[in-house]
Amino acid sequence: MEISTNTTGVDFILLGLFSHTEAHLFLFSVVLVIFTASLMGNTLMILLIYRDPRLHTPMYFLLSQLSLMDMMLVSTIIPKMAANYLMSRRSISPVGCGSQIFLFLTLAGGECFLLAAMSYDRYVAICQPLRYHVLMSSKLCAHLTLGSWLLGASDGLMQAGTILSFPFCRSRAINHFFCEAPSLVRLACADTKVFEFFMYICCVLMLLIPFSLILTSYSVILVAVLRMRSSAARKKAFATCSSHLAVVGLFYGAIMFIYMRPKSHQPGESDKVVSAFYTIFTPVLNPLIYSVRNKEVKEALRKWLQRL
């Protein structure tokens, strides 16, 4: 099928993730199924936490915020990608492109800090159980959540505004399926060294520091788990922490691979696949990892289904 690349004079062109072959049509269908499952899973998680009083704790409040971020993240990217593919279009306006950059960085950056807050919550629950309500109070939980949203939004606003202020006098074809900051910086025909340094500092603050806090929290948790006398308790803690770390590793590993490289790196098809991990796959994995194996969530779901 022939793809239309006609755009207005200032539109960008998204080259996309899929072509119109049978194999890519199947993969596109899989993405739509994952998108639907992500919306349904995260919506269900938010509703269960809101409706069940037993889930009104700091841990589940943070989890509800993670679900909200994941819902917004996939909704920022997948609908536009799907519309372009189905309508055989590739254009996106500068406003639309800037909006995607801002929302993506707000949500991805906020999720980085929120995952760190969740690891701190698990550290307190396992290592300081008697002081949990003091060290993880509702007030502190609200502050951690608000801080995650504000820090992500600040980064998104600064980067989106700066990137769109650059002149794009050469190709406006973005080799990606959504507007992502590194992809646009490569198209700018201005000196972006200062901005690249600024973006690197942001990556250190938004990625490496929270990731270091997460590793530290789970390292202390691991030591505490190894000291447990009950083999059943050790097994449960290991299963929970390993699944959490798997999602954290996938999210942080993929996003650092994209954002902590020099502009001289030439993007390829593999970059799109890596980006798909933290924009498409982790949002559907989070509700599964953090809830399906949780007895309290399953019990809340069972009671909710009985009322229907």
# chains A, B, ... in the order shown; residues from 1 in each chain; ligands from 1
$ residues_around --residues "Leu245 (chain A)" --least-positions-apart "6" --cutoff "12 Å" --atoms "only C-alpha atoms" --output "PyMOL selection string"
chain A and resi 115-116+118-119+122+211+214-219+221-222+238-239+251-253+286+289-290
$ write_last_selection --atoms "N, CA and C atoms" --output "short mmCIF file (atom, residue, chain, number, x, y, z; two decimals), in the first residue's frame"
data_model
loop_
_atom_site.label_atom_id
_atom_site.label_comp_id
_atom_site.auth_asym_id
_atom_site.auth_seq_id
_atom_site.Cartn_x
_atom_site.Cartn_y
_atom_site.Cartn_z
N LEU A 115 8.57 4.89 41.07
CA LEU A 115 9.12 3.57 41.31
C LEU A 115 10.13 3.59 42.47
N ALA A 116 10.88 4.69 42.57
CA ALA A 116 11.80 4.85 43.70
C ALA A 116 11.02 4.96 45.01
N MET A 118 8.09 3.70 45.58
CA MET A 118 7.53 2.39 45.86
C MET A 118 8.58 1.45 46.45
N SER A 119 9.82 1.56 46.00
CA SER A 119 10.87 0.72 46.58
C SER A 119 11.16 1.12 48.02
N ARG A 122 8.47 -0.45 50.13
CA ARG A 122 8.74 -1.88 50.38
C ARG A 122 9.86 -2.07 51.39
N PHE A 211 17.16 5.21 40.10
CA PHE A 211 17.56 3.81 39.91
C PHE A 211 18.52 3.36 41.00
N ILE A 214 16.55 2.74 44.11
CA ILE A 214 15.82 1.47 44.01
C ILE A 214 16.74 0.29 44.29
N LEU A 215 17.93 0.30 43.68
CA LEU A 215 18.89 -0.78 43.90
C LEU A 215 19.31 -0.85 45.36
N THR A 216 19.51 0.33 45.97
CA THR A 216 19.90 0.36 47.37
C THR A 216 18.79 -0.21 48.26
N SER A 217 17.56 0.20 48.01
CA SER A 217 16.42 -0.28 48.80
C SER A 217 16.29 -1.80 48.71
N TYR A 218 16.36 -2.33 47.48
CA TYR A 218 16.19 -3.76 47.31
C TYR A 218 17.40 -4.55 47.79
N SER A 219 18.58 -3.95 47.80
CA SER A 219 19.75 -4.61 48.38
C SER A 219 19.57 -4.80 49.88
N ILE A 221 16.69 -4.82 51.40
CA ILE A 221 15.58 -5.77 51.54
C ILE A 221 16.09 -7.20 51.40
N LEU A 222 16.99 -7.43 50.43
CA LEU A 222 17.54 -8.76 50.20
C LEU A 222 18.28 -9.27 51.44
N PHE A 238 11.17 -13.05 48.12
CA PHE A 238 12.00 -13.19 46.93
C PHE A 238 11.16 -13.09 45.66
N ALA A 239 10.01 -13.76 45.65
CA ALA A 239 9.14 -13.74 44.46
C ALA A 239 8.66 -12.34 44.17
N PHE A 251 12.24 -1.29 32.38
CA PHE A 251 11.87 0.11 32.16
C PHE A 251 13.11 1.00 32.14
N TYR A 252 13.94 0.92 33.20
CA TYR A 252 15.12 1.78 33.29
C TYR A 252 16.17 1.43 32.25
N GLY A 253 16.39 0.14 32.02
CA GLY A 253 17.40 -0.27 31.05
C GLY A 253 17.09 0.24 29.66
N ASN A 286 3.00 -3.83 34.38
CA ASN A 286 2.94 -3.32 35.76
C ASN A 286 1.73 -3.82 36.54
N ILE A 289 2.35 -7.59 37.29
CA ILE A 289 3.42 -7.88 38.25
C ILE A 289 3.05 -7.42 39.65
N TYR A 290 2.49 -6.21 39.76
CA TYR A 290 2.25 -5.63 41.07
C TYR A 290 0.92 -6.04 41.70
#
$ closest_atom_pairs --of "region 51-169 of chain A" --to "region 186-210 of chain A" --cutoff "9 Å" --atoms "only C-alpha atoms" --output "tab-separated table"
residue	atom	partner	partner_atom	distance
A:Gly109	CA	A:Met206	CA	6.0
A:Gly110	CA	A:Met206	CA	8.4
A:Cys112	CA	A:Pro210	CA	6.3
A:Phe113	CA	A:Pro210	CA	5.8
A:Leu114	CA	A:Pro210	CA	8.7
A:Leu115	CA	A:Pro210	CA	7.8
A:Ala116	CA	A:Pro210	CA	5.4
A:Ala117	CA	A:Pro210	CA	8.6
A:Leu151	CA	A:Met206	CA	8.4
A:Gly152	CA	A:Met206	CA	8.1
A:Asp155	CA	A:Cys202	CA	7.4
A:Gln159	CA	A:Met199	CA	7.7
A:Thr162	CA	A:Phe195	CA	8.0
A:Ile163	CA	A:Ala188	CA	8.3
A:Phe166	CA	A:Ala188	CA	6.0
A:Pro167	CA	A:Ala188	CA	5.9
A:Phe168	CA	A:Ala188	CA	4.9
A:Cys169	CA	A:Cys189	CA	6.1
$ closest_residue --among "A:Arg89, A:His244, A:Lys295, A:Arg307" --to "Ile13 (chain A)" --atoms "only C-alpha atoms"
A:Arg89
$ closest_residue --among "A:Leu285, A:Phe12, A:Lys303, A:Arg234" --to "Ala37 (chain A)" --atoms "only C-alpha atoms"
A:Leu285
$ closest_atom_pairs --of "region 123-216 of chain A" --to "region 273-280 of chain A" --cutoff "10 Å" --atoms "only C-alpha atoms" --output "Markdown table"
| residue | atom | partner | partner_atom | distance |
| --- | --- | --- | --- | --- |
| A:His176 | CA | A:Ser275 | CA | 9.0 |
| A:Phe177 | CA | A:Ala276 | CA | 9.1 |
| A:Phe178 | CA | A:Ser275 | CA | 9.6 |
| A:Glu180 | CA | A:Ser275 | CA | 9.3 |
$ residues_around --residues "Cys141 (chain A)" --least-positions-apart "5" --cutoff "8 Å" --atoms "only C-alpha atoms" --output "list in words"
Pro58, Leu62 and Met136 of chain A
$ write_last_selection --atoms "N, CA, C and O atoms" --output "mmCIF file, in the first residue's frame"
data_model
loop_
_atom_site.group_PDB
_atom_site.id
_atom_site.type_symbol
_atom_site.label_atom_id
_atom_site.label_comp_id
_atom_site.auth_asym_id
_atom_site.auth_seq_id
_atom_site.Cartn_x
_atom_site.Cartn_y
_atom_site.Cartn_z
ATOM 1 N N PRO A 58 -0.631 3.427 51.856
ATOM 2 C CA PRO A 58 0.367 4.104 51.009
ATOM 3 C C PRO A 58 0.828 3.260 49.823
ATOM 4 O O PRO A 58 0.978 3.772 48.714
ATOM 5 N N LEU A 62 0.281 4.513 45.931
ATOM 6 C CA LEU A 62 1.369 4.660 44.962
ATOM 7 C C LEU A 62 1.117 3.795 43.735
ATOM 8 O O LEU A 62 1.383 4.210 42.600
ATOM 9 N N MET A 136 6.258 5.932 56.732
ATOM 10 C CA MET A 136 5.523 6.016 55.457
ATOM 11 C C MET A 136 4.112 6.515 55.744
ATOM 12 O O MET A 136 3.116 5.829 55.485
#
$ atom_distance --atom1 "CA of Tyr132 (chain A)" --atom2 "CA of Ala246 (chain A)"
25.0 Å
$ closest_residue --among "A:His133, A:Met72, A:Cys127, A:Lys298" --to "Thr57 (chain A)" --atoms "only C-alpha atoms"
A:His133
$ select_by_dssp --residues "region 51-292 of chain A" --states "strand (DSSP E or B)" --output "tab-separated table (two decimals) with all heavy atoms, in the first residue's frame"
chain	number	residue	atom	x	y	z
A	91	SER	N	2.04	12.35	9.09
A	91	SER	CA	2.31	13.71	9.57
A	91	SER	C	1.87	13.90	11.02
A	91	SER	O	0.94	13.25	11.50
A	91	SER	CB	1.59	14.73	8.68
A	91	SER	OG	0.18	14.54	8.76
A	92	ILE	N	2.57	14.80	11.70
A	92	ILE	CA	2.19	15.25	13.03
A	92	ILE	C	2.59	16.72	13.14
A	92	ILE	O	3.69	17.11	12.72
A	92	ILE	CB	2.87	14.41	14.14
A	92	ILE	CG1	2.36	14.85	15.53
A	92	ILE	CG2	4.38	14.46	14.06
A	92	ILE	CD1	2.78	13.92	16.65
A	173	ALA	N	11.70	14.36	8.71
A	173	ALA	CA	11.30	12.97	8.86
A	173	ALA	C	11.92	12.39	10.13
A	173	ALA	O	13.13	12.32	10.28
A	173	ALA	CB	11.73	12.15	7.65
A	174	ILE	N	11.07	11.99	11.07
A	174	ILE	CA	11.51	11.44	12.35
A	174	ILE	C	11.45	9.92	12.24
A	174	ILE	O	10.39	9.33	12.04
A	174	ILE	CB	10.59	11.92	13.49
A	174	ILE	CG1	10.55	13.44	13.54
A	174	ILE	CG2	11.06	11.36	14.82
A	174	ILE	CD1	9.50	13.99	14.50
$ select_by_dssp --residues "region 39-225 of chain A" --states "alpha helix (DSSP H)" --output "number ranges by chain"
A: 39-51, 58-86, 94-127, 132-135, 138-164, 181-185, 193-203, 209-225
$ atom_distance --atom1 "CA of Leu47 (chain A)" --atom2 "CA of Trp304 (chain A)"
9.9 Å
$ decode --residues "region 152-167 of chain A" --atoms "all heavy atoms" --output "mmCIF file, in the first residue's frame"
data_model
loop_
_atom_site.group_PDB
_atom_site.id
_atom_site.type_symbol
_atom_site.label_atom_id
_atom_site.label_comp_id
_atom_site.auth_asym_id
_atom_site.auth_seq_id
_atom_site.Cartn_x
_atom_site.Cartn_y
_atom_site.Cartn_z
ATOM 1 N N GLY A 152 8.555 15.400 36.960
ATOM 2 C CA GLY A 152 8.375 14.931 35.589
ATOM 3 C C GLY A 152 7.853 16.039 34.684
ATOM 4 O O GLY A 152 8.335 16.214 33.563
ATOM 5 N N ALA A 153 6.869 16.803 35.177
ATOM 6 C CA ALA A 153 6.291 17.885 34.373
ATOM 7 C C ALA A 153 7.307 18.985 34.112
ATOM 8 O O ALA A 153 7.351 19.559 33.013
ATOM 9 C CB ALA A 153 5.068 18.462 35.079
ATOM 10 N N SER A 154 8.147 19.299 35.090
ATOM 11 C CA SER A 154 9.177 20.330 34.909
ATOM 12 C C SER A 154 10.157 19.927 33.822
ATOM 13 O O SER A 154 10.512 20.728 32.943
ATOM 14 C CB SER A 154 9.921 20.561 36.227
ATOM 15 O OG SER A 154 9.038 21.016 37.229
ATOM 16 N N ASP A 155 10.591 18.674 33.858
ATOM 17 C CA ASP A 155 11.516 18.179 32.835
ATOM 18 C C ASP A 155 10.854 18.195 31.462
ATOM 19 O O ASP A 155 11.454 18.627 30.468
ATOM 20 C CB ASP A 155 11.959 16.759 33.198
ATOM 21 C CG ASP A 155 12.916 16.177 32.177
ATOM 22 O OD1 ASP A 155 13.914 16.845 31.841
ATOM 23 O OD2 ASP A 155 12.671 15.050 31.706
ATOM 24 N N GLY A 156 9.597 17.730 31.396
ATOM 25 C CA GLY A 156 8.890 17.704 30.122
ATOM 26 C C GLY A 156 8.694 19.087 29.532
ATOM 27 O O GLY A 156 8.869 19.299 28.329
ATOM 28 N N LEU A 157 8.332 20.055 30.378
ATOM 29 C CA LEU A 157 8.086 21.414 29.893
ATOM 30 C C LEU A 157 9.357 22.055 29.370
ATOM 31 O O LEU A 157 9.371 22.676 28.295
ATOM 32 C CB LEU A 157 7.498 22.256 31.033
ATOM 33 C CG LEU A 157 7.057 23.672 30.680
ATOM 34 C CD1 LEU A 157 5.941 23.638 29.651
ATOM 35 C CD2 LEU A 157 6.602 24.419 31.932
ATOM 36 N N MET A 158 10.469 21.901 30.103
ATOM 37 C CA MET A 158 11.737 22.506 29.680
ATOM 38 C C MET A 158 12.244 21.889 28.381
ATOM 39 O O MET A 158 12.653 22.596 27.459
ATOM 40 C CB MET A 158 12.778 22.360 30.796
ATOM 41 C CG MET A 158 12.530 23.246 32.002
ATOM 42 S SD MET A 158 13.884 23.200 33.206
ATOM 43 C CE MET A 158 13.725 21.531 33.838
ATOM 44 N N GLN A 159 12.205 20.554 28.301
ATOM 45 C CA GLN A 159 12.749 19.900 27.111
ATOM 46 C C GLN A 159 11.866 20.130 25.881
ATOM 47 O O GLN A 159 12.381 20.390 24.789
ATOM 48 C CB GLN A 159 12.928 18.408 27.371
ATOM 49 C CG GLN A 159 14.040 18.081 28.361
ATOM 50 C CD GLN A 159 14.614 16.697 28.136
ATOM 51 O OE1 GLN A 159 14.799 16.260 27.012
ATOM 52 N NE2 GLN A 159 14.897 16.002 29.224
ATOM 53 N N ALA A 160 10.556 20.033 26.050
ATOM 54 C CA ALA A 160 9.666 20.240 24.901
ATOM 55 C C ALA A 160 9.784 21.661 24.361
ATOM 56 O O ALA A 160 9.876 21.878 23.143
ATOM 57 C CB ALA A 160 8.216 19.945 25.301
ATOM 58 N N GLY A 161 9.798 22.642 25.260
ATOM 59 C CA GLY A 161 9.910 24.041 24.837
ATOM 60 C C GLY A 161 11.220 24.334 24.140
ATOM 61 O O GLY A 161 11.255 25.036 23.116
ATOM 62 N N THR A 162 12.303 23.785 24.685
ATOM 63 C CA THR A 162 13.627 24.041 24.096
ATOM 64 C C THR A 162 13.777 23.375 22.740
ATOM 65 O O THR A 162 14.269 23.982 21.778
ATOM 66 C CB THR A 162 14.727 23.540 25.044
ATOM 67 O OG1 THR A 162 14.578 24.140 26.329
ATOM 68 C CG2 THR A 162 16.105 23.873 24.486
ATOM 69 N N ILE A 163 13.345 22.119 22.629
ATOM 70 C CA ILE A 163 13.500 21.385 21.366
ATOM 71 C C ILE A 163 12.730 22.052 20.238
ATOM 72 O O ILE A 163 13.239 22.211 19.120
ATOM 73 C CB ILE A 163 13.044 19.921 21.544
ATOM 74 C CG1 ILE A 163 14.042 19.160 22.417
ATOM 75 C CG2 ILE A 163 12.902 19.224 20.188
ATOM 76 C CD1 ILE A 163 13.609 17.768 22.782
ATOM 77 N N LEU A 164 11.507 22.480 20.495
ATOM 78 C CA LEU A 164 10.703 23.100 19.450
ATOM 79 C C LEU A 164 11.176 24.504 19.097
ATOM 80 O O LEU A 164 10.715 25.082 18.106
ATOM 81 C CB LEU A 164 9.234 23.124 19.870
ATOM 82 C CG LEU A 164 8.548 21.764 19.934
ATOM 83 C CD1 LEU A 164 7.090 21.906 20.312
ATOM 84 C CD2 LEU A 164 8.672 21.009 18.610
ATOM 85 N N SER A 165 12.075 25.076 19.911
ATOM 86 C CA SER A 165 12.626 26.390 19.576
ATOM 87 C C SER A 165 13.782 26.288 18.578
ATOM 88 O O SER A 165 14.189 27.285 18.002
ATOM 89 C CB SER A 165 13.113 27.101 20.851
ATOM 90 O OG SER A 165 14.261 26.457 21.382
ATOM 91 N N PHE A 166 14.293 25.082 18.350
ATOM 92 C CA PHE A 166 15.372 24.886 17.393
ATOM 93 C C PHE A 166 14.849 24.994 15.965
ATOM 94 O O PHE A 166 13.706 24.622 15.686
ATOM 95 C CB PHE A 166 16.029 23.506 17.566
ATOM 96 C CG PHE A 166 16.833 23.355 18.826
ATOM 97 C CD1 PHE A 166 16.750 22.194 19.577
ATOM 98 C CD2 PHE A 166 17.675 24.362 19.267
ATOM 99 C CE1 PHE A 166 17.486 22.031 20.731
ATOM 100 C CE2 PHE A 166 18.419 24.214 20.426
ATOM 101 C CZ PHE A 166 18.320 23.051 21.160
ATOM 102 N N PRO A 167 15.673 25.490 15.049
ATOM 103 C CA PRO A 167 15.268 25.483 13.631
ATOM 104 C C PRO A 167 15.466 24.088 13.037
ATOM 105 O O PRO A 167 16.439 23.396 13.355
ATOM 106 C CB PRO A 167 16.241 26.494 12.989
ATOM 107 C CG PRO A 167 17.448 26.458 13.868
ATOM 108 C CD PRO A 167 16.962 26.195 15.267
#
